[in-house]
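> Here you go, this is run_13.cif (mmCIF, C-alpha atoms and all ligand atoms).
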```
data_start
#
loop_
_atom_site.label_atom_id
_atom_site.label_comp_id
_atom_site.auth_asym_id
_atom_site.auth_seq_id
_atom_site.Cartn_x
_atom_site.Cartn_y
_atom_site.Cartn_z
CA MET A 1 0.00 0.00 0.00
CA ILE A 2 1.37 3.43 -0.92
CA TRP A 3 0.80 6.32 1.47
CA PRO A 4 0.56 9.89 0.09
CA THR A 5 3.91 11.60 0.76
CA SER A 6 2.14 14.25 2.86
CA LEU A 7 1.27 11.52 5.41
CA ASN A 8 4.52 9.56 5.27
CA LYS A 9 6.12 11.11 8.30
CA ARG A 10 3.17 10.21 10.51
CA VAL A 11 3.18 6.53 9.55
CA LYS A 12 5.26 3.97 11.44
CA LEU A 13 5.83 0.55 9.91
CA ASN A 14 5.74 -2.60 12.03
CA GLU A 15 5.32 -0.66 15.25
CA PRO A 16 5.29 -3.00 18.30
CA LEU A 17 1.88 -2.57 19.89
CA LYS A 18 3.16 -3.68 23.28
CA LEU A 19 4.52 -0.13 23.50
CA HIS A 20 0.92 1.14 23.22
CA THR A 21 -1.03 -1.18 25.55
CA THR A 22 -1.22 -1.06 29.35
CA PHE A 23 -0.83 -4.88 29.33
CA LYS A 24 2.57 -4.30 27.63
CA ILE A 25 1.64 -7.12 25.26
CA GLY A 26 1.11 -7.10 21.51
CA GLY A 27 2.97 -7.77 18.27
CA PRO A 28 3.54 -5.31 15.42
CA ALA A 29 0.98 -3.22 13.60
CA LYS A 30 1.65 -3.22 9.89
CA TYR A 31 1.01 0.54 9.94
CA LEU A 32 0.57 2.88 12.89
CA PHE A 33 -0.77 6.22 11.77
CA GLU A 34 -1.17 9.34 13.92
CA PRO A 35 -3.21 11.88 11.91
CA LYS A 36 -2.70 15.57 12.58
CA ASP A 37 -6.33 16.46 11.93
CA ILE A 38 -9.64 15.30 10.47
CA ASP A 39 -8.53 15.74 6.83
CA GLU A 40 -5.58 13.43 7.34
CA LEU A 41 -7.80 10.92 9.12
CA LYS A 42 -10.19 10.99 6.19
CA LEU A 43 -7.34 10.33 3.75
CA ALA A 44 -6.31 7.26 5.75
CA VAL A 45 -9.90 5.99 5.96
CA ASN A 46 -10.23 6.24 2.18
CA LEU A 47 -6.84 4.62 1.65
CA ALA A 48 -7.86 1.68 3.85
CA LYS A 49 -11.16 1.35 2.00
CA ASN A 50 -9.52 1.39 -1.42
CA ASN A 51 -6.90 -1.14 -0.37
CA LYS A 52 -9.42 -3.31 1.54
CA ILE A 53 -7.29 -3.11 4.66
CA LYS A 54 -8.78 -3.10 8.13
CA ILE A 55 -8.58 -0.14 10.52
CA PHE A 56 -8.22 -0.42 14.29
CA ILE A 57 -8.52 2.68 16.45
CA LEU A 58 -6.15 2.82 19.38
CA GLY A 59 -6.93 4.93 22.43
CA ASN A 60 -4.66 4.52 25.42
CA GLY A 61 -4.63 0.73 24.92
CA SER A 62 -5.97 0.15 28.42
CA ASN A 63 -8.72 -2.35 27.72
CA LEU A 64 -6.97 -4.16 24.97
CA LEU A 65 -5.29 -7.48 24.26
CA VAL A 66 -3.26 -7.55 21.05
CA LEU A 67 -2.01 -10.96 19.97
CA ASP A 68 1.73 -11.55 19.72
CA ARG A 69 1.46 -12.04 15.97
CA GLY A 70 0.25 -8.42 15.71
CA VAL A 71 -2.22 -7.01 13.21
CA SER A 72 -1.96 -6.65 9.51
CA ALA A 73 -3.98 -3.43 9.50
CA ILE A 74 -3.80 0.32 9.85
CA VAL A 75 -3.82 1.20 13.52
CA ILE A 76 -4.87 4.80 14.01
CA LYS A 77 -4.01 6.71 17.15
CA LEU A 78 -5.77 10.06 17.58
CA SER A 79 -2.88 11.64 19.42
CA GLY A 80 -2.42 14.69 17.16
CA GLU A 81 -3.02 18.14 18.65
CA HIS A 82 -6.41 18.51 16.97
CA PHE A 83 -7.73 15.46 18.81
CA ARG A 84 -6.39 16.61 22.18
CA LYS A 85 -8.20 19.92 22.57
CA ILE A 86 -10.56 20.74 25.42
CA ILE A 87 -12.82 23.80 25.08
CA PHE A 88 -14.95 24.90 28.03
CA LYS A 89 -18.24 26.77 27.67
CA PHE A 90 -20.24 27.50 30.84
CA ASN A 91 -20.91 24.09 32.46
CA SER A 92 -20.15 22.14 29.29
CA LEU A 93 -17.01 21.17 27.50
CA ARG A 94 -16.05 19.91 24.09
CA THR A 95 -13.16 17.49 24.05
CA GLY A 96 -11.17 15.67 21.39
CA ALA A 97 -11.31 11.87 21.42
CA GLY A 98 -7.56 11.59 22.10
CA VAL A 99 -7.68 13.44 25.44
CA LEU A 100 -6.83 11.27 28.45
CA LEU A 101 -9.52 11.06 31.12
CA GLN A 102 -7.01 12.14 33.78
CA GLU A 103 -6.39 15.39 31.87
CA LEU A 104 -10.12 15.95 31.50
CA ILE A 105 -10.73 15.34 35.21
CA LYS A 106 -7.91 17.67 36.22
CA ARG A 107 -8.90 20.53 33.92
CA SER A 108 -12.59 20.29 34.87
CA SER A 109 -11.89 20.10 38.59
CA LEU A 110 -9.75 23.26 38.47
CA ARG A 111 -12.78 25.09 37.04
CA GLY A 112 -15.06 23.73 39.77
CA LEU A 113 -16.90 21.48 37.32
CA SER A 114 -18.06 18.21 38.81
CA GLY A 115 -19.10 14.96 37.14
CA PHE A 116 -15.97 13.15 35.97
CA GLU A 117 -14.60 12.32 39.43
CA PHE A 118 -15.73 8.66 39.36
CA LEU A 119 -13.49 8.12 36.30
CA SER A 120 -10.37 8.86 38.36
CA GLY A 121 -7.73 6.22 37.83
CA ILE A 122 -9.12 4.86 34.56
CA PRO A 123 -6.18 5.13 32.11
CA ALA A 124 -8.32 5.69 29.02
CA THR A 125 -8.82 8.29 26.31
CA VAL A 126 -12.21 9.96 25.85
CA GLY A 127 -12.79 7.97 22.64
CA GLY A 128 -11.97 4.62 24.25
CA ALA A 129 -14.01 5.39 27.35
CA LEU A 130 -17.07 6.30 25.24
CA MET A 131 -16.70 3.30 22.93
CA MET A 132 -16.92 0.91 25.87
CA ASN A 133 -18.92 3.14 28.20
CA ALA A 134 -16.28 3.09 30.94
CA GLY A 135 -17.19 3.62 34.55
CA THR A 136 -18.00 1.94 37.80
CA PRO A 137 -21.07 -0.23 38.55
CA SER A 138 -22.96 2.95 39.61
CA PHE A 139 -21.87 5.56 37.05
CA SER A 140 -20.81 5.47 33.41
CA ILE A 141 -19.35 8.12 31.14
CA SER A 142 -22.59 7.94 29.09
CA ASP A 143 -24.41 9.64 32.01
CA LEU A 144 -22.61 12.89 31.16
CA VAL A 145 -22.43 12.94 27.37
CA GLU A 146 -24.56 15.38 25.35
CA GLN A 147 -23.36 14.71 21.82
CA ILE A 148 -20.62 12.93 19.90
CA LYS A 149 -19.00 13.81 16.60
CA VAL A 150 -18.00 10.72 14.61
CA MET A 151 -16.65 9.69 11.23
CA ASP A 152 -17.95 6.58 9.54
CA TYR A 153 -15.68 4.22 7.63
CA ASN A 154 -16.57 5.99 4.37
CA GLY A 155 -15.07 9.20 5.75
CA LYS A 156 -18.45 10.86 6.37
CA ILE A 157 -18.82 13.01 9.49
CA LYS A 158 -21.95 12.91 11.64
CA ILE A 159 -23.13 14.49 14.86
CA LEU A 160 -24.93 12.07 17.16
CA LYS A 161 -27.19 13.84 19.65
CA LYS A 162 -28.02 12.51 23.09
CA GLN A 163 -31.29 11.00 21.83
CA ASP A 164 -29.41 9.10 19.04
CA LEU A 165 -26.98 7.51 21.47
CA LYS A 166 -27.50 4.05 22.93
CA PHE A 167 -25.41 2.82 25.81
CA ALA A 168 -25.56 -0.10 28.21
CA TYR A 169 -23.22 -1.44 30.88
CA ARG A 170 -19.74 -1.37 29.26
CA GLN A 171 -21.35 -1.16 25.86
CA SER A 172 -22.06 1.43 23.17
CA HIS A 173 -23.37 1.24 19.64
CA LEU A 174 -20.49 3.28 18.30
CA SER A 175 -18.25 0.59 16.86
CA LYS A 176 -19.22 1.42 13.26
CA PHE A 177 -17.78 4.89 13.80
CA ILE A 178 -14.51 6.60 14.67
CA ILE A 179 -15.21 8.92 17.60
CA LEU A 180 -13.75 12.38 16.92
CA GLU A 181 -14.99 14.54 19.77
CA ALA A 182 -17.67 14.75 22.43
CA VAL A 183 -19.59 17.35 24.40
CA PHE A 184 -20.16 16.70 28.10
CA LYS A 185 -22.38 18.53 30.55
CA LEU A 186 -21.08 18.93 34.09
CA ARG A 187 -22.31 20.60 37.31
CA LYS A 188 -20.86 23.55 39.18
CA SER A 189 -19.34 22.57 42.53
CA SER A 190 -16.50 23.60 44.81
CA VAL A 191 -12.94 22.82 43.76
CA ASN A 192 -12.20 21.36 47.21
CA LYS A 193 -15.19 19.06 47.20
CA ILE A 194 -14.26 17.75 43.74
CA LYS A 195 -10.64 17.22 44.78
CA ASN A 196 -11.76 15.26 47.85
CA THR A 197 -13.97 12.98 45.76
CA ILE A 198 -11.09 12.39 43.33
CA ARG A 199 -8.81 11.54 46.26
CA GLU A 200 -11.39 9.10 47.65
CA CYS A 201 -11.77 7.40 44.25
CA TRP A 202 -8.02 6.94 43.92
CA LYS A 203 -7.74 5.68 47.49
CA ARG A 204 -10.49 3.10 46.99
CA ARG A 205 -8.99 2.00 43.70
CA SER A 206 -5.49 1.58 45.08
CA GLN A 207 -6.85 -0.36 48.08
CA THR A 208 -8.86 -2.79 46.00
CA GLN A 209 -7.16 -2.97 42.60
CA GLU A 210 -3.80 -4.08 41.28
CA LEU A 211 -2.13 -0.89 40.09
CA SER A 212 1.56 -1.71 40.39
CA TRP A 213 1.78 -4.27 37.57
CA ALA A 214 0.87 -3.99 33.90
CA SER A 215 -2.75 -5.00 33.34
CA ALA A 216 -5.84 -4.12 31.32
CA GLY A 217 -8.05 -3.46 34.36
CA CYS A 218 -11.01 -5.76 34.85
CA VAL A 219 -10.84 -8.60 32.37
CA PHE A 220 -14.49 -9.74 32.54
CA LYS A 221 -17.72 -7.75 32.77
CA ASN A 222 -19.68 -8.12 35.96
CA PRO A 223 -22.62 -10.47 35.54
CA ARG A 224 -25.98 -8.94 36.50
CA LEU A 225 -26.13 -8.14 40.22
CA ASP A 226 -22.79 -9.78 40.96
CA SER A 227 -19.08 -9.17 40.66
CA ALA A 228 -16.80 -11.18 38.38
CA GLY A 229 -13.93 -10.56 40.84
CA ARG A 230 -15.92 -12.08 43.71
CA LEU A 231 -16.86 -15.16 41.68
CA ILE A 232 -13.30 -15.77 40.40
CA ASP A 233 -12.03 -15.33 43.96
CA LEU A 234 -14.55 -17.90 45.26
CA CYS A 235 -13.22 -20.36 42.66
CA GLY A 236 -9.85 -20.09 44.43
CA LEU A 237 -8.08 -18.81 41.32
CA LYS A 238 -6.09 -15.90 42.77
CA GLY A 239 -2.37 -16.32 42.11
CA ARG A 240 -2.83 -18.82 39.23
CA GLN A 241 -0.14 -18.42 36.63
CA SER A 242 0.56 -18.98 32.97
CA GLY A 243 4.10 -17.98 31.98
CA GLN A 244 4.58 -14.50 33.41
CA ALA A 245 0.86 -13.72 33.59
CA PHE A 246 -0.90 -14.08 36.96
CA ILE A 247 -4.42 -13.76 38.30
CA SER A 248 -3.97 -10.94 40.78
CA ASP A 249 -3.93 -11.76 44.51
CA LYS A 250 -5.50 -8.37 45.17
CA HIS A 251 -8.42 -8.39 42.72
CA ALA A 252 -9.31 -11.66 41.02
CA ASN A 253 -10.73 -9.93 37.92
CA PHE A 254 -7.29 -8.47 37.12
CA ILE A 255 -4.69 -10.42 35.16
CA ILE A 256 -1.24 -8.95 35.53
CA ASN A 257 1.82 -9.14 33.33
CA LYS A 258 4.86 -9.54 35.56
CA GLY A 259 7.36 -9.20 32.75
CA LYS A 260 7.17 -10.87 29.40
CA ALA A 261 3.74 -12.51 29.41
CA SER A 262 2.51 -13.55 25.97
CA SER A 263 -0.97 -12.98 24.60
CA GLN A 264 -1.40 -16.75 24.79
CA ASP A 265 -0.68 -16.67 28.56
CA ILE A 266 -3.51 -14.17 29.03
CA LEU A 267 -5.91 -16.16 26.84
CA LYS A 268 -5.07 -19.36 28.77
CA LEU A 269 -5.89 -17.73 32.11
CA MET A 270 -9.08 -16.22 30.69
CA GLY A 271 -10.13 -19.64 29.40
CA MET A 272 -9.46 -21.24 32.77
CA ILE A 273 -11.45 -18.52 34.59
CA LYS A 274 -14.42 -18.90 32.26
CA LYS A 275 -14.40 -22.67 32.67
CA GLU A 276 -14.15 -22.65 36.48
CA VAL A 277 -16.80 -19.96 36.99
CA LYS A 278 -19.16 -21.81 34.65
CA LYS A 279 -18.53 -25.07 36.51
CA LYS A 280 -19.02 -23.65 40.02
CA PHE A 281 -21.75 -21.04 39.45
CA ASN A 282 -23.19 -21.90 36.02
CA ILE A 283 -22.44 -18.30 34.97
CA GLU A 284 -21.01 -17.48 31.56
CA LEU A 285 -18.49 -14.64 32.07
CA GLU A 286 -18.16 -12.25 29.17
CA PRO A 287 -14.80 -10.55 28.48
CA GLU A 288 -14.66 -6.82 29.02
CA ILE A 289 -11.30 -6.50 27.31
CA ILE A 290 -11.22 -6.39 23.54
CA THR A 291 -8.95 -8.76 21.61
CA TRP A 292 -7.70 -7.49 18.26
CA LYS A 293 -7.69 -10.13 15.57
CA ASN A 294 -7.62 -9.83 11.81
N1 LIG B 301 -14.31 -9.02 45.45
C1 LIG B 301 -13.82 -10.19 45.97
N2 LIG B 301 -12.63 -10.66 45.52
C2 LIG B 301 -11.92 -10.02 44.57
C3 LIG B 301 -12.42 -8.82 44.02
C4 LIG B 301 -13.62 -8.33 44.49
O1 LIG B 301 -14.45 -10.81 46.84
O2 LIG B 301 -10.86 -10.52 44.20
C5 LIG B 301 -15.58 -8.48 45.98
C6 LIG B 301 -15.35 -7.17 46.72
O3 LIG B 301 -15.01 -7.38 48.05
C7 LIG B 301 -16.69 -6.49 46.57
C8 LIG B 301 -17.19 -6.98 45.23
O4 LIG B 301 -16.43 -8.13 44.90
O5 LIG B 301 -17.59 -6.91 47.56
C9 LIG B 301 -17.03 -5.92 44.13
O6 LIG B 301 -15.66 -5.59 44.00
P1 LIG B 301 -15.14 -4.11 43.63
O7 LIG B 301 -15.79 -3.15 44.54
O8 LIG B 301 -13.67 -4.17 43.56
O9 LIG B 301 -15.77 -3.81 42.23
P2 LIG B 301 -15.86 -4.66 40.91
O10 LIG B 301 -17.29 -4.93 40.67
O11 LIG B 301 -14.94 -5.83 40.92
C10 LIG B 301 -16.11 -2.62 39.34
C11 LIG B 301 -15.67 -2.36 37.94
C12 LIG B 301 -14.29 -1.72 37.96
C13 LIG B 301 -14.38 -0.41 38.74
C14 LIG B 301 -14.81 -0.76 40.16
C15 LIG B 301 -14.88 0.52 40.98
C16 LIG B 301 -16.46 -3.99 36.31
C17 LIG B 301 -16.16 -5.26 35.61
N3 LIG B 301 -15.56 -3.61 37.20
O12 LIG B 301 -15.27 -3.62 39.87
O13 LIG B 301 -13.93 -1.41 36.62
O14 LIG B 301 -13.11 0.21 38.78
O15 LIG B 301 -16.08 -1.44 40.11
O16 LIG B 301 -16.06 0.77 41.53
O17 LIG B 301 -17.47 -3.35 36.04
C18 LIG B 301 -12.73 -1.99 34.66
O18 LIG B 301 -13.79 -1.85 34.05
O19 LIG B 301 -11.65 -2.27 34.07
C19 LIG B 301 -12.74 -1.89 36.10
C20 LIG B 301 -11.68 -2.20 36.82
#
```
How does the structure come out when it is put into C-alpha cells?
Ligand code: EPU

Amino acid sequence: MIWPTSLNKRVKLNEPLKLHTTFKIGGPAKYLFEPKDIDELKLAVNLAKNNKIKIFILGNGSNLLVLDRGVSAIVIKLSGEHFRKIIFKFNSLRTGAGVLLQELIKRSSLRGLSGFEFLSGIPATVGGALMMNAGTPSFSISDLVEQIKVMDYNGKIKILKKQDLKFAYRQSHLSKFIILEAVFKLRKSSVNKIKNTIRECWKRRSQTQELSWASAGCVFKNPRLDSAGRLIDLCGLKGRQSGQAFISDKHANFIINKGKASSQDILKLMGMIKKEVKKKFNIELEPEIITWKN
C-alpha cells in the first residue's frame, strides 16, 4: 500500500503494539498512523477502504489485548493536537477523542466542574471510554455525554445527539464509527469538594485494585447483580499463573503481566477462569477486554 507523501512522516511501519497497551503485550501493527487532523484521518480511511485493509482505532490501549502475531492493518491513534483539545463553555465542555480522562478530570476540577470524578484512575482516552462506556457499577461516562461527533468508515462526518446515542453497561453502539470529539455537561461545585472525591476514588482503587503491575483493568464484565472478581475469587483462582501472567492476589478480575507474558498466557488464564466460573456457578463470564484479531 502506498501512502501519500504528505502523510509519510506520521506513519510507522511494524510498530510494536506492546509499546501502546497497558498490558505491555502485543505484536507489530503493519502501519501505525497518527493523523494531525480530520482531513488526514479521512485520507487514511479512504486509503484503507480502497486497499481493503482493516482499521483499528487505538486509544490509550488500556482495555486491549493484542495478539503476539500483531495485526496486519492500519492502527490509528488520535494523538495529534487537533484530537487533544478541550474547550470549556459555561458548564459544558467539548473534548477531542484523544484526550486522556485524567487530563479531563484535572482541567474540569480546576474550574469547579463536577461529574468526571468517578473516572479517576481509569487510564483511558475519551474515545476509548465512550466506545466501551467506561465507569463503575454505579456511574458510566454515558451519564454525562450530550453529543458525539463521529466519522464513519466511508469518511463521512456525523453528529450524534443525546437521543441518538444508545449505551448499556460497558457497551455502546459506536463501533461502526470513529469517535472524533464529544460534548459533556457537568455541574458547578467547589474545587475542594471535587478534589476530595477524586482523592477518595483513587484511594479506593489503590486499596482494591492491582495498580503496580501492567494489566488491562477488569478482564471480565460483571454479571448482573454480581461481581466477576468475587466469583473468580470464590473459585480459588487468585495467584494462578501462565508464563509471566498471573491472576492478581488483590483483585481476582485483574490479570497482571509480571514481565514478558505472551498474549497466549492471558488467553489461557481467561479460558481457565471462564471454565471454572461456569462449573461452580453456572455463569457465563463475558470478556470486558477487547482482543484485536484480523
Ligand atoms: N471481590 C472479591 N474478591 C476479589 C475482588 C472483588 O471478593 O478478588 C468483591 C469485593 O469485596 C466487593 C465486590 O467483589 O464486595 C465488588 O468488587 P469491587 O468493589 O472491587 O468492584 P468490581 O465490581 O470488581 C467494578 C468495575 C471496575 C471499577 C470498580 C470501581 C467492572 C467489571 N468492574 O469492579 O472497573 O473500577 O467497580 O467501583 O465493572 C474496569 O472496568 O476495568 C474496572 C476495573
> Which residue out of A:Ile76, A:Ser248, A:Ala214, A:Tyr169 has the minimum interatomic distance to A:Lys12 when all atoms listed in the file are used?
A:Ile76
> With distances taken over all atoms listed in the file, which residue among A:Leu47, A:Ala252, A:Ile290, A:Ile266 lies nearest A:Met131?
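The closest residue to A:Met131 is A:Ile290.
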> Could you check the closest approach to A:Phe220 for each of A:Gln147, A:Asn253, A:Ser242, A:Ser79 and tell me which residue wins, using only C-alpha atoms?
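Result for the nearest residue to A:Phe220: A:Asn253.
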> Show me which residues sit within 6 Å of ligand LIG 301 (chain B) when counting only C-alpha atoms and all ligand atoms, and put them as a PyMOL selection string.
chain A and resi 136-137+208+217-218+220-222+227+229-230+233+250-252
> Restricting the calculation to only C-alpha atoms, which member of A:Lys188, A:Lys42, A:Arg94, A:Lys258 is positioned closest to A:Ser212?
A:Lys258
> So that I can check the surroundings of A:Cys201, please list as an MDAnalysis selection string every protein, DNA and RNA residue that reaches within 8 Å of it, counting all atoms listed in the file and ignoring chain neighbours fewer than 4 positions away.
chainID A and resid 117:118 120:121 197 205
> How would the residues just picked look written out with C-alpha atoms as a PDB file, keeping the file's coordinate frame?

```pdb
ATOM      1  CA  GLU A 117     -14.600  12.320  39.430  1.00  0.00           C
ATOM      2  CA  PHE A 118     -15.730   8.660  39.360  1.00  0.00           C
ATOM      3  CA  SER A 120     -10.370   8.860  38.360  1.00  0.00           C
ATOM      4  CA  GLY A 121      -7.730   6.220  37.830  1.00  0.00           C
ATOM      5  CA  THR A 197     -13.970  12.980  45.760  1.00  0.00           C
ATOM      6  CA  ARG A 205      -8.990   2.000  43.700  1.00  0.00           C
TER       7      ARG A 205
END
```
> Which protein, DNA or RNA residues are at most 9 Å from (-17.1, 21.3, 39.7) in the file's coordinates when you count all atoms listed in the file, listed as an NGL selection string?
:A and (91 or 108-115 or 186-194)
> Pick from A:Asn8, A:Pro28, A:Ile105, A:Asn14: nearest to A:Leu93, with only C-alpha atoms counted?
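Nearest to A:Leu93: A:Ile105.
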> What is the distance between atom CA of A:Asn63 and atom CA of A:Ile289, in Å to one decimal?
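Taking atom CA of A:Asn63 as the start and atom CA of A:Ile289 as the end point, the length is 4.9 Å.
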> Residues within 9 Å of A:Ile86, please, as a list in words. Count only C-alpha atoms; anything in the same chain fewer than 4 positions from it doesn't count.
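Returned residues: Leu93, Arg94, Thr95, Gly96, Val99, Leu104 and Arg107 of chain A.
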> Could you save those same residues with C-alpha atoms as a JSON list (two decimals), keeping the file's coordinate frame?

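selection37.json, written as the output of this step:
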```json
[["chain", "number", "residue", "atom", "x", "y", "z"],
["A", 93, "LEU", "CA", -17.01, 21.17, 27.50],
["A", 94, "ARG", "CA", -16.05, 19.91, 24.09],
["A", 95, "THR", "CA", -13.16, 17.49, 24.05],
["A", 96, "GLY", "CA", -11.17, 15.67, 21.39],
["A", 99, "VAL", "CA", -7.68, 13.44, 25.44],
["A", 104, "LEU", "CA", -10.12, 15.95, 31.50],
["A", 107, "ARG", "CA", -8.90, 20.53, 33.92]]
```
> Nearest to A:Met132: which of A:Lys49, A:His173, A:Lys280, A:Lys106 is it, counting only C-alpha atoms?
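So, comparing all the options, the nearest one is A:His173.
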> Quick one: pull the distance between atom CA of A:Met1 and atom CA of A:Val45, Å, one decimal.
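Between atom CA of A:Met1 and atom CA of A:Val45 the gap is 13.0 Å.
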> Just to confirm, what's the straight-line distance from atom CA of A:Phe23 to atom CA of A:Ala216 in Å (one decimal)?
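Computed distance, atom CA of A:Phe23 to atom CA of A:Ala216, equals 5.4 Å.
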